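Shown next: entry15.cif, given as mmCIF, C-alpha atoms.
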data_start
loop_
_atom_site.label_atom_id
_atom_site.label_comp_id
_atom_site.auth_asym_id
_atom_site.auth_seq_id
_atom_site.Cartn_x
_atom_site.Cartn_y
_atom_site.Cartn_z
CA MET T 442 -50.32 -42.66 80.74
CA LYS T 443 -50.95 -38.91 80.94
CA ARG T 444 -53.47 -37.78 83.45
CA ARG T 445 -56.59 -36.02 82.14
CA GLY T 446 -55.74 -32.38 81.42
CA GLU T 447 -51.98 -32.95 81.58
CA HIS T 448 -51.60 -32.10 77.90
CA LEU T 449 -53.02 -28.68 78.68
CA SER T 450 -51.33 -27.89 81.96
CA GLY T 451 -47.95 -29.41 81.11
CA ASP T 452 -45.10 -29.82 83.55
CA ILE T 453 -45.44 -27.15 86.23
CA SER T 454 -41.69 -27.08 86.68
CA LYS T 455 -41.29 -25.94 83.08
CA LYS T 456 -43.77 -23.08 83.25
CA LYS T 457 -42.30 -19.71 82.27
CA THR T 458 -42.73 -16.40 84.00
CA ALA T 459 -43.99 -13.27 82.25
CA SER T 460 -40.44 -11.97 81.99
CA ASP T 461 -39.39 -15.23 80.31
CA CYS T 462 -42.14 -14.86 77.71
CA LEU T 463 -41.64 -11.20 76.78
CA PRO T 464 -38.47 -11.67 74.69
CA ASP T 465 -40.30 -14.18 72.48
CA MET T 466 -43.46 -12.05 72.16
CA LYS T 467 -42.10 -10.12 69.19
CA ASN T 468 -41.25 -13.36 67.40
CA ILE T 469 -44.82 -14.60 67.77
CA PHE T 470 -46.20 -11.44 66.17
CA LEU T 471 -43.58 -11.59 63.42
CA GLU T 472 -44.60 -15.16 62.64
CA GLN T 473 -48.18 -14.03 62.27
CA LYS T 474 -47.09 -11.11 60.09
CA ASN T 475 -45.12 -13.45 57.84
CA ALA T 476 -48.15 -15.72 57.50
CA LEU T 477 -50.32 -12.75 56.50
CA ASP T 478 -47.68 -11.52 54.06
CA SER T 479 -47.70 -14.97 52.49
CA PHE T 480 -51.48 -14.83 52.23
CA PHE T 481 -51.38 -11.59 50.23
CA GLU T 482 -48.56 -12.84 48.02
CA LYS T 483 -50.37 -16.05 47.09
CA LEU T 484 -53.96 -14.77 46.93
CA ASP T 485 -55.40 -15.21 43.43
CA PHE T 486 -56.96 -11.83 42.66
CA ASN T 487 -58.71 -13.24 39.61
CA GLU T 488 -60.71 -15.45 41.97
CA VAL T 489 -61.41 -12.47 44.21
CA ALA T 490 -62.51 -10.33 41.26
CA ALA T 491 -64.84 -13.08 40.05
CA LEU T 492 -66.47 -13.28 43.48
CA ALA T 493 -66.81 -9.50 43.73
CA GLN T 494 -68.41 -9.34 40.28
CA LYS T 495 -70.82 -12.11 41.19
CA ILE T 496 -71.92 -10.23 44.32
CA LEU T 497 -72.24 -6.93 42.47
CA SER T 498 -74.38 -8.43 39.71
CA ILE T 499 -76.71 -10.49 41.89
CA ARG T 500 -80.38 -9.59 42.10
CA GLY T 501 -81.05 -11.85 45.04
CA THR T 502 -79.47 -12.10 48.47
CA VAL T 503 -75.95 -12.97 49.58
CA LEU T 504 -76.12 -15.54 52.38
CA PHE T 505 -73.20 -16.45 54.63
CA THR T 506 -72.68 -19.64 56.57
CA GLY T 507 -70.02 -21.50 58.50
CA VAL T 508 -69.46 -23.68 61.55
CA GLY T 509 -67.60 -22.91 64.77
CA LYS T 510 -65.18 -20.00 64.69
CA SER T 511 -65.49 -19.80 60.90
CA GLY T 512 -69.22 -19.41 61.49
CA PHE T 513 -68.71 -16.46 63.83
CA ILE T 514 -66.51 -14.81 61.21
CA ALA T 515 -69.01 -15.51 58.44
CA LYS T 516 -71.71 -13.89 60.57
CA LYS T 517 -69.50 -10.84 61.20
CA ILE T 518 -68.69 -10.42 57.49
CA ASN T 519 -72.39 -10.72 56.73
CA GLN T 520 -73.11 -7.86 59.12
CA THR T 521 -70.35 -5.77 57.54
CA LEU T 522 -71.80 -6.23 54.06
CA VAL T 523 -75.32 -5.43 55.26
CA SER T 524 -74.10 -2.16 56.77
CA THR T 525 -72.22 -1.22 53.60
CA GLY T 526 -75.00 -1.63 51.08
CA THR T 527 -75.16 -5.35 50.26
CA LYS T 528 -78.38 -7.28 50.78
CA ALA T 529 -77.10 -10.13 52.92
CA LEU T 530 -78.27 -12.67 55.50
CA TRP T 531 -76.67 -15.08 57.96
CA LEU T 532 -77.75 -18.73 57.53
CA ALA T 533 -76.98 -21.11 60.39
CA PRO T 534 -76.06 -24.40 58.67
CA VAL T 535 -77.77 -26.75 61.12
CA ASP T 536 -80.90 -24.61 61.32
CA ALA T 537 -80.92 -24.46 57.52
CA LEU T 538 -81.35 -28.23 57.44
CA HIS T 539 -84.33 -27.93 59.77
CA GLY T 540 -86.38 -25.27 58.03
CA ASP T 541 -84.26 -22.14 57.67
CA ILE T 542 -83.27 -23.11 54.14
CA GLY T 543 -86.58 -21.47 53.29
CA LEU T 544 -84.55 -18.22 53.32
CA VAL T 545 -82.69 -19.42 50.22
CA ASP T 546 -84.17 -18.61 46.85
CA LYS T 547 -83.24 -18.88 43.19
CA GLY T 548 -80.58 -16.36 42.24
CA ASP T 549 -79.10 -16.12 45.74
CA ILE T 550 -75.42 -16.64 46.56
CA LEU T 551 -74.50 -18.85 49.49
CA ILE T 552 -70.93 -18.18 50.70
CA MET T 553 -69.45 -20.91 52.92
CA PHE T 554 -66.49 -20.31 55.21
CA SER T 555 -64.40 -23.40 56.02
CA LYS T 556 -60.66 -23.62 56.61
CA SER T 557 -60.37 -27.28 55.67
CA GLY T 558 -63.20 -27.62 53.19
CA THR T 559 -64.29 -30.81 54.94
CA THR T 560 -66.92 -29.39 57.31
CA LYS T 561 -69.66 -32.03 57.42
CA GLU T 562 -72.55 -29.63 58.05
CA LEU T 563 -71.65 -27.50 55.02
CA LEU T 564 -71.19 -30.51 52.74
CA THR T 565 -74.61 -31.78 53.81
CA LEU T 566 -76.17 -28.39 53.08
CA VAL T 567 -74.72 -27.95 49.55
CA PRO T 568 -77.11 -30.18 47.52
CA TYR T 569 -80.20 -28.78 49.24
CA ALA T 570 -79.09 -25.19 48.70
CA LYS T 571 -78.40 -25.96 45.05
CA ALA T 572 -81.86 -27.52 44.74
CA LYS T 573 -83.28 -24.19 45.93
CA GLY T 574 -81.42 -22.44 43.11
CA ALA T 575 -78.53 -20.94 45.11
CA PHE T 576 -75.06 -20.34 43.67
CA ILE T 577 -72.54 -21.88 46.08
CA VAL T 578 -69.22 -20.17 46.83
CA ALA T 579 -66.67 -21.91 49.06
CA LEU T 580 -63.93 -19.95 50.85
CA THR T 581 -61.36 -22.47 52.04
CA SER T 582 -57.61 -22.88 52.35
CA LYS T 583 -57.75 -26.25 50.53
CA PRO T 584 -58.49 -25.94 46.80
CA GLU T 585 -58.50 -29.74 46.49
CA SER T 586 -61.01 -30.22 49.28
CA ARG T 587 -64.40 -31.79 48.74
CA LEU T 588 -66.25 -28.55 49.50
CA ALA T 589 -64.17 -26.72 46.91
CA LYS T 590 -65.03 -29.32 44.30
CA VAL T 591 -68.80 -29.47 44.90
CA SER T 592 -69.23 -25.68 44.97
CA ASP T 593 -70.00 -23.52 41.93
CA MET T 594 -67.10 -21.19 42.74
CA HIS T 595 -64.10 -21.52 45.00
CA VAL T 596 -61.78 -18.85 46.37
CA THR T 597 -58.60 -20.10 47.98
CA LEU T 598 -57.50 -18.31 51.14
CA PRO T 599 -53.78 -19.24 51.12
CA LEU T 600 -52.56 -20.48 54.51
CA SER T 601 -48.86 -21.29 54.84
CA ILE T 602 -48.89 -22.10 58.56
CA GLU T 603 -51.16 -21.99 61.56
CA LEU T 604 -49.49 -20.04 64.35
CA GLN T 605 -48.21 -22.48 66.96
CA ALA T 606 -49.86 -22.12 70.34
CA PHE T 607 -48.29 -25.05 72.17
CA GLY T 608 -44.85 -26.58 72.46
CA ASP T 609 -41.57 -25.14 73.64
CA ARG T 610 -41.26 -21.77 71.93
CA TYR T 611 -38.16 -21.03 73.88
CA SER T 612 -35.98 -23.79 72.44
CA SER T 613 -33.64 -23.16 69.57
CA GLN T 614 -36.07 -24.76 67.15
CA VAL T 615 -39.61 -23.36 67.05
CA ASP T 616 -41.99 -25.89 65.57
CA LEU T 617 -44.80 -24.34 63.52
CA VAL T 618 -47.56 -26.88 63.03
CA SER T 619 -49.01 -27.44 59.58
CA MET T 620 -52.48 -26.33 58.60
CA GLU T 621 -53.67 -29.93 58.92
CA SER T 622 -53.20 -29.92 62.68
CA ARG T 623 -56.14 -29.53 65.04
CA GLU T 624 -53.77 -29.24 68.01
CA THR T 625 -53.71 -25.45 67.99
CA PRO T 626 -56.35 -22.68 67.83
CA PRO T 627 -57.02 -21.32 64.31
CA ALA T 628 -55.31 -18.02 65.13
CA THR T 629 -53.93 -17.54 61.61
CA SER T 630 -56.67 -19.06 59.46
CA ASN T 631 -59.42 -17.13 61.25
CA THR T 632 -57.42 -13.92 60.94
CA ILE T 633 -57.11 -14.50 57.21
CA GLN T 634 -60.84 -15.15 56.87
CA MET T 635 -61.67 -11.93 58.70
CA LEU T 636 -59.09 -9.96 56.74
CA PHE T 637 -60.39 -11.27 53.45
CA GLY T 638 -64.05 -10.61 54.25
CA ASP T 639 -63.56 -7.07 55.52
CA THR T 640 -61.27 -6.13 52.63
CA LEU T 641 -63.78 -7.54 50.15
CA ALA T 642 -66.49 -5.43 51.81
CA VAL T 643 -64.44 -2.25 51.30
CA ALA T 644 -63.74 -3.23 47.69
CA LEU T 645 -67.48 -3.67 47.11
CA MET T 646 -68.16 -0.26 48.72
CA ASN T 647 -65.64 1.29 46.35
CA ALA T 648 -67.09 -0.48 43.32
CA ARG T 649 -70.59 0.72 44.19
CA GLY T 650 -69.38 4.28 44.81
CA LEU T 651 -70.94 4.23 48.27
CA THR T 652 -70.86 7.72 49.78
CA GLN T 653 -70.40 8.67 53.43
CA ASN T 654 -73.99 9.84 53.58
CA GLN T 655 -75.24 6.52 52.24
CA TYR T 656 -73.08 4.68 54.75
CA ALA T 657 -74.34 6.89 57.55
CA MET T 658 -77.96 6.11 56.66
CA ASN T 659 -77.19 2.49 57.61
CA HIS T 660 -75.68 3.60 60.95
CA PRO T 661 -78.21 6.07 62.38
CA ALA T 662 -77.26 5.29 66.00
CA GLY T 663 -73.51 5.34 65.40
CA ARG T 664 -71.32 8.41 65.77
CA ILE T 665 -70.67 8.68 62.04
CA GLY T 666 -74.38 8.33 61.30
CA LYS T 667 -75.31 11.03 63.74
CA ARG T 668 -72.68 13.40 62.42
CA LEU T 669 -73.75 12.94 58.82
CA VAL T 670 -77.52 12.69 59.26
CA MET T 671 -78.68 14.44 62.44
CA ARG T 672 -79.74 18.08 62.16
CA VAL T 673 -80.21 20.77 64.81
CA GLU T 674 -83.96 20.25 64.58
CA ASN T 675 -83.49 16.71 65.93
CA VAL T 676 -81.75 17.82 69.14
CA MET T 677 -82.88 21.39 69.89
CA GLN T 678 -85.15 22.52 72.72
CA SER T 679 -88.38 24.21 71.66
CA GLY T 680 -91.80 25.31 72.87
CA SER T 681 -92.42 25.37 76.61
CA SER T 682 -88.94 24.03 77.39
CA LEU T 683 -87.40 27.35 76.32
CA ALA T 684 -86.64 30.09 78.84
CA GLN T 685 -88.03 33.26 77.26
CA CYS T 686 -88.81 36.81 78.32
CA THR T 687 -89.70 40.22 76.88
CA GLN T 688 -87.70 43.46 76.97
CA SER T 689 -89.98 44.95 79.61
CA GLU T 690 -89.15 42.47 82.35
CA ASN T 691 -86.51 43.34 84.93
CA GLY T 692 -83.40 41.64 86.28
CA LEU T 693 -85.13 40.10 89.28
CA GLN T 694 -87.80 38.48 87.10
CA VAL T 695 -85.11 37.08 84.81
CA LEU T 696 -83.23 35.52 87.73
CA GLN T 697 -86.44 33.87 88.90
CA SER T 698 -87.07 32.54 85.39
CA MET T 699 -83.54 31.12 85.15
CA SER T 700 -84.05 29.20 88.38
CA THR T 701 -87.17 27.51 87.02
CA LYS T 702 -85.48 26.48 83.74
CA PRO T 703 -82.21 24.82 84.80
CA HIS T 704 -81.96 22.90 81.51
CA ALA T 705 -81.77 26.21 79.59
CA GLY T 706 -78.05 26.47 80.35
CA GLY T 707 -78.39 29.77 82.21
CA CYS T 708 -79.69 31.54 79.10
CA ILE T 709 -82.88 33.54 78.60
CA LEU T 710 -84.05 34.20 75.03
CA VAL T 711 -85.45 37.71 74.53
CA THR T 712 -88.19 38.16 71.93
CA ASP T 713 -90.68 40.78 70.86
CA ASP T 714 -94.44 40.27 70.75
CA ASP T 715 -94.16 38.69 67.28
CA GLY T 716 -91.56 36.14 68.34
CA HIS T 717 -88.54 37.79 66.72
CA LEU T 718 -85.28 37.15 68.52
CA LEU T 719 -83.89 40.37 69.99
CA GLY T 720 -81.02 38.88 71.92
CA THR T 721 -80.10 36.74 74.90
CA LEU T 722 -79.57 37.31 78.57
CA GLN T 723 -77.39 34.81 80.37
CA ASP T 724 -75.66 34.61 83.70
CA GLY T 725 -72.52 36.15 82.17
CA ASP T 726 -74.49 39.25 81.15
CA LEU T 727 -75.83 39.60 84.67
CA ARG T 728 -72.37 39.28 86.21
CA ARG T 729 -70.97 41.94 83.91
CA ALA T 730 -73.92 44.22 84.66
CA LEU T 731 -73.56 43.65 88.41
CA THR T 732 -69.91 44.61 88.21
CA LYS T 733 -70.86 47.90 86.54
CA HIS T 734 -74.23 48.77 88.17
CA GLY T 735 -74.36 46.80 91.40
CA LYS T 736 -77.71 45.86 92.94
CA ALA T 737 -79.50 48.30 90.61
CA VAL T 738 -79.40 45.44 88.08
CA LEU T 739 -82.39 43.84 89.81
CA ASP T 740 -84.58 46.76 88.72
CA MET T 741 -83.03 47.33 85.28
CA SER T 742 -85.04 46.28 82.23
CA VAL T 743 -84.07 43.32 80.10
CA LYS T 744 -83.66 45.74 77.20
CA ASP T 745 -80.68 47.27 79.00
CA LEU T 746 -79.28 43.97 80.24
CA MET T 747 -79.48 41.67 77.21
CA ASN T 748 -76.37 41.20 75.09
CA PHE T 749 -74.55 43.15 77.80
CA ALA T 750 -71.08 44.15 76.59
CA LYS T 751 -71.15 41.54 73.82
CA GLN T 752 -72.22 41.13 70.21
CA PHE T 753 -75.60 39.83 69.08
CA PRO T 754 -75.53 36.05 69.72
CA ASN T 755 -74.54 33.50 67.10
CA THR T 756 -77.63 31.84 65.64
CA CYS T 757 -78.39 28.94 63.33
CA SER T 758 -81.29 27.41 61.44
CA LYS T 759 -82.97 24.16 62.39
CA ASP T 760 -81.71 22.67 59.10
CA MET T 761 -78.05 23.07 60.09
CA MET T 762 -76.22 19.78 60.59
CA ALA T 763 -75.88 19.09 64.31
CA ALA T 764 -72.17 18.36 63.80
CA ASP T 765 -71.74 21.87 62.36
CA ALA T 766 -73.39 23.30 65.46
CA VAL T 767 -70.72 21.55 67.53
CA ILE T 768 -68.04 23.17 65.37
CA MET T 769 -69.69 26.61 65.71
CA MET T 770 -69.76 26.31 69.49
CA ASP T 771 -66.15 25.23 69.66
CA LYS T 772 -64.98 27.97 67.32
CA ASN T 773 -66.83 30.76 69.16
CA HIS T 774 -66.35 29.38 72.69
CA ILE T 775 -70.07 29.28 73.39
CA THR T 776 -72.35 26.68 74.94
CA TYR T 777 -75.70 27.51 73.29
CA ILE T 778 -77.07 28.67 69.94
CA PRO T 779 -80.56 30.19 69.41
CA VAL T 780 -82.36 28.59 66.47
CA ILE T 781 -84.20 31.04 64.20
CA SER T 782 -86.09 31.06 60.90
CA GLU T 783 -85.18 33.13 57.86
CA GLN T 784 -87.51 35.81 59.25
CA ASN T 785 -85.59 35.85 62.58
CA ILE T 786 -88.48 34.12 64.36
CA LEU T 787 -87.26 32.13 67.38
CA GLU T 788 -87.79 28.39 66.82
CA GLY T 789 -85.67 26.88 69.55
CA MET T 790 -82.27 26.64 71.14
CA VAL T 791 -79.53 23.99 71.05
CA THR T 792 -77.00 23.67 73.85
CA PHE T 793 -73.71 21.85 74.15
CA SER T 794 -75.39 19.49 76.62
CA ASP T 795 -78.10 18.68 74.06
CA LEU T 796 -75.47 17.78 71.46
CA ALA T 797 -73.41 15.76 73.91
CA ALA T 798 -76.49 13.83 75.07
CA ALA T 799 -77.20 12.96 71.41
CA GLY T 800 -73.75 11.42 71.07
CA LEU T 801 -72.18 14.22 69.03
#
Now, as a test, write the supplied structure out as structure tokens.
Amino acid sequence: MKRRGEHLSGDISKKKTASDCLPDMKNIFLEQKNALDSFFEKLDFNEVAALAQKILSIRGTVLFTGVGKSGFIAKKINQTLVSTGTKALWLAPVDALHGDIGLVDKGDILIMFSKSGTTKELLTLVPYAKAKGAFIVALTSKPESRLAKVSDMHVTLPLSIELQAFGDRYSSQVDLVSMESRETPPATSNTIQMLFGDTLAVALMNARGLTQNQYAMNHPAGRIGKRLVMRVENVMQSGSSLAQCTQSENGLQVLQSMSTKPHAGGCILVTDDDGHLLGTLQDGDLRRALTKHGKAVLDMSVKDLMNFAKQFPNTCSKDMMAADAVIMMDKNHITYIPVISEQNILEGMVTFSDLAAAGL
């Protein structure tokens, strides 16, 4: 009799080293590739189109459910559809039988993920979901399964083999277990489920004509959302946080002001009494002036020091996309941009650090 755990650990004397396994690694990936190729070849696109049309025409909610690893994948596909414009919810099958079925309403679609189509929890849920008025869709690899037969619609996810995880892969005959076996992890069937769900999500995005801006609105905290939605106004410094001075101040006063505003990026914004931007004075201007005038810079007026040996600074409006401000900085090799109104009134300043802190 085998000792407990022996079927997992196997004979220690037969264990292979990493170098023994590497030559067979490519074969394992090729087996998986062949299984996925078979999936695409055998997939009934009429079934897929019917499901897509059902989702596109629904007025209610698309609910996803599943058990075990299929459940995790169903939950992930649900989240993908939510983020791409489909009104969808995850429904835990056991919780549904203890109150959560209240989420289901007439006109909803309930999509069930199950490799075998024999999952007890899903079969138990079907009649109650139907009684609530839901349209049941089963996604299985067994078109003759009970779940396929009791559902309103079935989409077959063709599965030729389940990638073998155990056994002697290094013998001359590699044994690939059939899809009926529960002796190996569902490495192929779960991959197919994920592949199908994500591809369907993209197809639905395409059918709806979802734009990048619409997609970004559902991802405000993500990089793509920030790049497509966030404007300079959302990240710029303004008010008392700005380091400002007038033309009449001198170099010493400016240096003191810079030291009290370290977040200003070593830049002082020069304005007139009405708030119009006249230029900038940054540490680079002071260094250039020191090289030419020496310590006399400390007594020179800001009027003579600002924009020293350079052009008037690049500016932008607060309505500019923050991503475009990043591009402007990169193109002009600068680290800050004054923000002005159409009347050249200073409204703020955006720095490279501000943009980086915002995730841009």
Quote the spacing between atom CA of T:Ile775 and atom CA of T:Val743 in Å to one decimal place.
20.9 Å
Evaluated on this file, the PyMOL selection byres ((chain T and resi 590-592) around 9) picks out some residues - which ones are they, written as a PyMOL selection string?
chain T and resi 564+567-568+576-579+584-589+593-595
May I have the residues within 10 Å of T:Tyr569 as a ChimeraX atom specification, using all atoms listed in the file and disregarding those fewer than 4 positions away in the same chain?
/T:537-538,542,545,564-565,573-575
Please save C-alpha atoms of the selected residues as a compact mmCIF listing (two decimals), in the frame of the given file.
# COMPACT_ATOMS: atom_id res chain seq x y z
CA ALA T 537 -80.92 -24.46 57.52
CA LEU T 538 -81.35 -28.23 57.44
CA ILE T 542 -83.27 -23.11 54.14
CA VAL T 545 -82.69 -19.42 50.22
CA LEU T 564 -71.19 -30.51 52.74
CA THR T 565 -74.61 -31.78 53.81
CA LYS T 573 -83.28 -24.19 45.93
CA GLY T 574 -81.42 -22.44 43.11
CA ALA T 575 -78.53 -20.94 45.11
Explicit residues for the PyMOL selection byres ((chain T and resi 475-491) around 7) (as a ChimeraX atom specification)
/T:471-474,492-495,596,598-602
Between T:Thr632, T:Ser555, T:Ser782, T:Ser689, which has the minimum distance to T:Asp713 (counting only C-alpha atoms)?
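Closest to T:Asp713, using only C-alpha atoms: T:Ser689.
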Would you list the contacts of T:Leu739 as a PyMOL selection string, taking every protein, DNA or RNA residue within 8 Å and counting only C-alpha atoms, but skipping same-chain residues closer than 5 positions in sequence?
chain T and resi 691-693
Let me know the residues the PyMOL selection byres ((chain T and resi 645-655) around 9) catches in the file above, as a PyMOL selection string.
chain T and resi 493-494+496-497+522+525-527+640-644+656-659+665-666+669-670
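When only C-alpha atoms are used to measure the gap to T:Glu603, the shortest distance among T:Gln752, T:Ser630, T:Asn519, T:Thr712 belongs to T:Ser630.
Straight-line separation from atom CA of T:Ala684 to atom CA of T:Leu696: 11.0 Å.
Shortest atom-to-atom contact with T:Thr629 among T:Thr687, T:Gln520, T:Thr776, T:Lys556: T:Lys556, counting only C-alpha atoms.
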Report, in Å with one decimal, the straight-line distance from atom CA of T:Leu636 to atom CA of T:Ala529.
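Computing it gives 18.4 Å between the two atoms.
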What would the file be for stretch 725-740 of chain T if you keep N, CA and C atoms and write it as a compact mmCIF listing (two decimals), in the first residue's frame?
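This is the output file decode39.txt:
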# COMPACT_ATOMS: atom_id res chain seq x y z
N GLY T 725 19.28 78.08 -12.65
CA GLY T 725 20.11 78.16 -13.84
C GLY T 725 20.36 79.59 -14.28
N ASP T 726 19.33 80.45 -14.15
CA ASP T 726 19.50 81.87 -14.48
C ASP T 726 20.53 82.52 -13.56
N LEU T 727 20.44 82.18 -12.28
CA LEU T 727 21.37 82.75 -11.31
C LEU T 727 22.81 82.30 -11.57
N ARG T 728 22.98 81.04 -11.94
CA ARG T 728 24.33 80.54 -12.23
C ARG T 728 24.92 81.25 -13.44
N ARG T 729 24.09 81.42 -14.47
CA ARG T 729 24.58 82.12 -15.66
C ARG T 729 24.92 83.58 -15.35
N ALA T 730 24.08 84.21 -14.53
CA ALA T 730 24.33 85.60 -14.16
C ALA T 730 25.58 85.73 -13.28
N LEU T 731 25.78 84.77 -12.38
CA LEU T 731 26.97 84.78 -11.53
C LEU T 731 28.24 84.64 -12.35
N THR T 732 28.17 83.80 -13.38
CA THR T 732 29.33 83.62 -14.25
C THR T 732 29.70 84.92 -14.94
N LYS T 733 28.67 85.71 -15.29
CA LYS T 733 28.92 86.96 -16.03
C LYS T 733 29.16 88.15 -15.11
N HIS T 734 28.43 88.24 -13.97
CA HIS T 734 28.49 89.45 -13.14
C HIS T 734 29.10 89.23 -11.75
N GLY T 735 29.33 88.00 -11.38
CA GLY T 735 29.91 87.74 -10.07
C GLY T 735 28.95 88.06 -8.94
N LYS T 736 29.51 88.48 -7.77
CA LYS T 736 28.68 88.71 -6.60
C LYS T 736 27.73 89.89 -6.73
N ALA T 737 27.90 90.68 -7.78
CA ALA T 737 26.99 91.81 -8.02
C ALA T 737 25.56 91.33 -8.26
N VAL T 738 25.42 90.04 -8.58
CA VAL T 738 24.10 89.45 -8.83
C VAL T 738 23.19 89.63 -7.62
N LEU T 739 23.75 89.57 -6.43
CA LEU T 739 22.95 89.66 -5.21
C LEU T 739 22.20 90.99 -5.13
N ASP T 740 22.74 92.02 -5.74
CA ASP T 740 22.09 93.34 -5.69
C ASP T 740 21.33 93.68 -6.97
